[in-house]
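Colleague: What follows is a single structure, and I will ask about it in a moment.
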Amino acid sequence: MSVTDVAEQGVSASQSSLTVGEAGTNTYTLVLNDAPTADVVITPTSNNTNAATVSSALTFTMANWATPQTVTVTGVNDANTTNESVTISHSAANSLDAGYKAVSIASVAVTLADDDTAGITASAISGNTTEGLATVTFTLVLNTQPTADGGSDTTVTVALSSSDTTEGTVSPSSVTFTSANWNSTQTITITGVDDYVDDGDIAYTIVTAAATSSDSDYSGYNAADVSVTNTDNDTAGATQSATSATIGEASTGTYTVLLDTEPTANVVVTLTSNDTTAATVTSSLTFTSSNWHTPQTVTITGVNDADSVPETVTISHALSGGGYNAVTMTNFTATMTDDDVFTSGKLFKGKVYLTVTSPTGRMWLDRNLGATQVATSSTDSAAYGHLYQWGRNDDGHESRTSFTTATLATTITPGTIPPYDELGDILTFITTSSSPYDWTTADRTGSSRTNAWSNGEENDICPAGFSVPLVSELNAERASWATNNTSGAYGSTLKIPAAGYRHHITGSLNRRGDIVHMWSRSAAGTTSYHLDVYGHTSYTNSDNRAHGFSVRCIKD
């Protein structure tokens, strides 16, 4: 125990120093050395009440002078990390005992044990950046108030950078905290960077550099880096300017191809014609990281042949290299129009047809379309041929054994009605029980199909230079017959058999060997004209377009 003596009078403290935690307490005692002649008042005082406070004055009397009294020291919680020192001094100046009034009392040294830990806290990121230049944010804040040696104000600066500036940038490039704003969050913005490469989602990091500060607790402190992902907005693909064209024999057609994204290496597009006897095609295109978005031209060249059959050629594409191996392209369909006029004895769609000239002076095919031979009688089934729905292409429906469907087409060139045969041809005869009893909802007036059944047009089913006849042309032939019935039809130059027809509601075959129903390409309101021939009479009439009737082609 430390004792200060003045003329036999003095005050003793139980300890000369102690440690107090922030927001904690500690105590020591004071006691008089000699009995006073009057009350002695001792007042403890802290020299830094921002760090520690002390309890109020103690009064010693002649009765209790020898009983130690407690002084309580209370630490003040602050935001810095400094272990501060406080001196508790004591004064007896307010005492009534003149001897004690002048006594000198030793101070008590107090050390404040700080409970704050320096640190920098980064918030969770608000999301991921995108190549669409979307931004995200996070915040930084100090955990404690920074102080320089001696307790003066100071700053803490943290530099920020992106680990991959091709994926994302950061702003600002640094943040500075002071002793005043240390507990205010500062916002950092990250912006995604766009590119043209299908490179997937790329992870990168916002690097927080070691802090610079005169506060030794913060100097060199390195906050956790922030992980980010830049979401890709590119999908590898190829764009072609067209997917189909009609090209004449010995003529050329073109379309262009370009890539949708920048490749990581050269991309080769290999082109293949499925029938080089009908059309050839540019062998390949090469795209680089420099010209990937510049259209390159594909040239299709028709091959001149001796037949008179229009042909369909499929151009396929295979892509390789530069991240494009899995990319597919739509096949290009080239319809090669034949420049050869059909002549007697030529092959047309798998059958050899001859031509005959009737008394009208017009040239016709010698049999119905699809027939395997010229009729040997009115009931010769081998001469019956196909049954076509009016204005429709020879897409497979005309076969007498094709399937049926009640789903109407929506165009005059249906191309998506299953089932198909092994060549991809449509095998569906469309039935309908609803007015106007047409196989398609398109072309109500029939004008488009009248044209489409002409030579070289969209639904041309006849050899080059031939068309489905007009109703006037059928009437002219009928007028040249010897008799106006099925016998006259067979006995004519055209040798027309009684091939019957296919019903528009059921799809069933009716009246084979009994009547002739033969289409013209002439429309009649919501129906179409055809030739009717019975055992007792013949005439031209109009009927529902969903029926399946015979077709005989006439030279234009």
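In the structure tokens, chains take the letters A, B, ... in the order shown, each chain's residues start at 1, and ligands count up from 1 in the order shown.
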For segment 34-39 of chain A, find every residue with an atom within 6 Å (counting only C-alpha atoms), except residues of its own chain fewer than 6 positions away, and show them as an MDAnalysis selection string.
Modeller: chainID A and resid 9 60:62 96:97
Colleague: Could you write out the selected residues, including C-alpha atoms, as a compact mmCIF listing (two decimals), in the first residue's frame?
Modeller:
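Here's the written file result_22.txt:
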# COMPACT_ATOMS: atom_id res chain seq x y z
CA GLN A 9 -1.57 12.87 8.52
CA PHE A 60 -14.25 10.39 6.40
CA THR A 61 -15.33 11.33 9.98
CA MET A 62 -13.74 10.97 13.37
CA LEU A 96 -12.88 20.75 7.46
CA ASP A 97 -9.72 19.31 9.03
Colleague: List as a ChimeraX atom specification the protein and nucleic acid residues near segment 168-185 of chain A, meaning an atom at most 8 Å away when only C-alpha atoms are counted, but skip any in the same chain fewer than 4 places from it.
Modeller: /A:129,139-147,153-162,164,189-193,204,206,230
Colleague: Any idea what's packed within 7 Å of segment 99-105 of chain A, counting only C-alpha atoms, ignoring anything in its chain fewer than 4 positions away? Could you give it as a ChimeraX atom specification?
Modeller: /A:4,6,9-11,40,90-95
Colleague: I need the chosen residues saved as an mmCIF file, in the first residue's frame, with N, CA and C atoms.
Modeller:
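Writing the result to out17.cif gives the following:
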data_model
loop_
_atom_site.group_PDB
_atom_site.id
_atom_site.type_symbol
_atom_site.label_atom_id
_atom_site.label_comp_id
_atom_site.auth_asym_id
_atom_site.auth_seq_id
_atom_site.Cartn_x
_atom_site.Cartn_y
_atom_site.Cartn_z
ATOM 1 N N THR A 4 1.003 8.453 1.672
ATOM 2 C CA THR A 4 1.604 9.787 1.646
ATOM 3 C C THR A 4 1.439 10.416 3.042
ATOM 4 N N VAL A 6 1.872 13.560 5.675
ATOM 5 C CA VAL A 6 2.127 14.992 5.914
ATOM 6 C C VAL A 6 1.801 15.262 7.377
ATOM 7 N N GLN A 9 -0.279 13.058 9.185
ATOM 8 C CA GLN A 9 -1.572 12.866 8.519
ATOM 9 C C GLN A 9 -1.326 12.419 7.073
ATOM 10 N N GLY A 10 -2.198 11.556 6.523
ATOM 11 C CA GLY A 10 -2.034 11.091 5.152
ATOM 12 C C GLY A 10 -3.203 10.201 4.724
ATOM 13 N N VAL A 11 -3.196 9.853 3.453
ATOM 14 C CA VAL A 11 -4.254 9.001 2.874
ATOM 15 C C VAL A 11 -3.578 7.875 2.111
ATOM 16 N N VAL A 40 -13.141 14.863 6.777
ATOM 17 C CA VAL A 40 -12.197 14.947 5.643
ATOM 18 C C VAL A 40 -12.950 14.480 4.368
ATOM 19 N N HIS A 90 -6.672 12.848 -6.612
ATOM 20 C CA HIS A 90 -7.498 12.954 -5.406
ATOM 21 C C HIS A 90 -7.215 14.295 -4.731
ATOM 22 N N SER A 91 -8.245 14.948 -4.296
ATOM 23 C CA SER A 91 -8.076 16.241 -3.593
ATOM 24 C C SER A 91 -8.885 16.228 -2.303
ATOM 25 N N ALA A 92 -8.236 16.734 -1.186
ATOM 26 C CA ALA A 92 -8.942 16.866 0.109
ATOM 27 C C ALA A 92 -9.176 18.342 0.431
ATOM 28 N N ALA A 93 -9.193 19.170 -0.592
ATOM 29 C CA ALA A 93 -9.282 20.614 -0.391
ATOM 30 C C ALA A 93 -10.578 21.039 0.264
ATOM 31 N N ASN A 94 -11.614 20.228 0.179
ATOM 32 C CA ASN A 94 -12.908 20.606 0.753
ATOM 33 C C ASN A 94 -13.085 20.088 2.189
ATOM 34 N N SER A 95 -11.980 19.576 2.765
ATOM 35 C CA SER A 95 -12.055 19.018 4.122
ATOM 36 C C SER A 95 -12.170 20.137 5.161
#
Colleague: Give me the residues within 12 Å of Ser316 of chain A as a PyMOL selection string, counting only C-alpha atoms and dropping any in the same chain fewer than 6 places off.
Modeller: chain A and resi 243-244+269-275+280-284+298+300+328-334
Colleague: Create the file for the chosen residues now, containing C-alpha atoms and written as a CSV table (one decimal), in the first residue's frame.
Modeller:
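For reference, again-v8.csv as written:
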chain,number,residue,atom,x,y,z
A,243,THR,CA,-34.1,-20.7,-96.7
A,244,SER,CA,-35.6,-21.4,-100.2
A,269,VAL,CA,-19.4,-23.8,-92.9
A,270,THR,CA,-19.4,-26.8,-95.2
A,271,LEU,CA,-22.2,-26.8,-97.7
A,272,THR,CA,-23.6,-30.0,-99.4
A,273,SER,CA,-26.1,-30.5,-102.2
A,274,ASN,CA,-28.1,-33.7,-101.8
A,275,ASP,CA,-28.4,-34.0,-105.6
A,280,THR,CA,-24.2,-27.7,-107.1
A,281,VAL,CA,-23.3,-25.3,-104.3
A,282,THR,CA,-20.4,-23.3,-103.0
A,283,SER,CA,-18.2,-25.9,-101.1
A,284,SER,CA,-17.5,-23.9,-97.9
A,298,VAL,CA,-23.6,-19.0,-101.1
A,300,ILE,CA,-26.3,-22.5,-106.1
A,328,THR,CA,-27.2,-26.1,-86.6
A,329,MET,CA,-28.6,-24.2,-89.6
A,330,THR,CA,-31.8,-24.5,-91.5
A,331,ASN,CA,-31.5,-26.5,-94.7
A,332,PHE,CA,-31.9,-24.4,-97.9
A,333,THR,CA,-34.5,-25.7,-100.3
A,334,ALA,CA,-33.8,-25.0,-104.0
Colleague: Taking only C-alpha atoms into account, which of A:Ala499, A:Ala479, A:Val471, A:Leu354 comes nearest His530 of chain A?
Modeller: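 Going through A:Ala499, A:Ala479, A:Val471, A:Leu354 one by one, the smallest distance to His530 of chain A is for A:Val471.
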Colleague: Can you tell me, as a PyMOL selection string, what residues are no more than 12 Å from Ser487 of chain A when counting only C-alpha atoms, ignoring any on the same chain fewer than 6 positions away?
Modeller: chain A and resi 377-379+478+481+494-498+513-516+533-538
Colleague: Using only C-alpha atoms for the distances, tell me which of A:Thr299, A:Asn484, A:Ser241, A:Asn26 is nearest to Leu112 of chain A.
Modeller: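 For Leu112 of chain A, the nearest of the candidates is A:Asn26.
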Colleague: For Ile505 of chain A, which of A:Cys553, A:Ala406, A:Leu531, A:Ile315 is the closest residue, counting only C-alpha atoms?
Modeller: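 That would be A:Ala406, the residue with the smallest distance to Ile505 of chain A.
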Colleague: Taking only C-alpha atoms into account, which of A:Val313, A:Ala409, A:Ala464, A:Leu259 comes nearest Ser344 of chain A?
Modeller: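 Result for the nearest residue to Ser344 of chain A: A:Ala464.
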Colleague: Between atom CA of Gly396 of chain A and atom CA of Asn304 of chain A, what is the distance, to one decimal in Å?
Modeller: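 That distance, rounded to one decimal, is 26.6 Å.
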Colleague: Which residues, written as a PyMOL selection string, have at least one atom at most 9 Å from Ala224 of chain A, with only C-alpha atoms counted and residues fewer than 6 positions away on the same chain left out?
Modeller: chain A and resi 120-122+207-208
Colleague: Filtering to C-alpha atoms, could you give me those residues as a PDB file, in the first residue's frame?
Modeller:
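Listed below is the output, selection.pdb:
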ATOM      1  CA  ILE A 120     -13.550  -3.610 -42.961  1.00  0.00           C
ATOM      2  CA  THR A 121     -16.940  -5.177 -43.730  1.00  0.00           C
ATOM      3  CA  ALA A 122     -18.106  -5.772 -47.300  1.00  0.00           C
ATOM      4  CA  VAL A 207     -10.027  -6.877 -55.620  1.00  0.00           C
ATOM      5  CA  THR A 208      -9.862  -4.843 -52.397  1.00  0.00           C
TER       6      THR A 208
END
Colleague: Taking into account only C-alpha atoms, which residue in the set A:Thr254, A:Leu474, A:Asp234, A:Val356 is nearest to Thr297 of chain A?
Modeller: A:Thr254
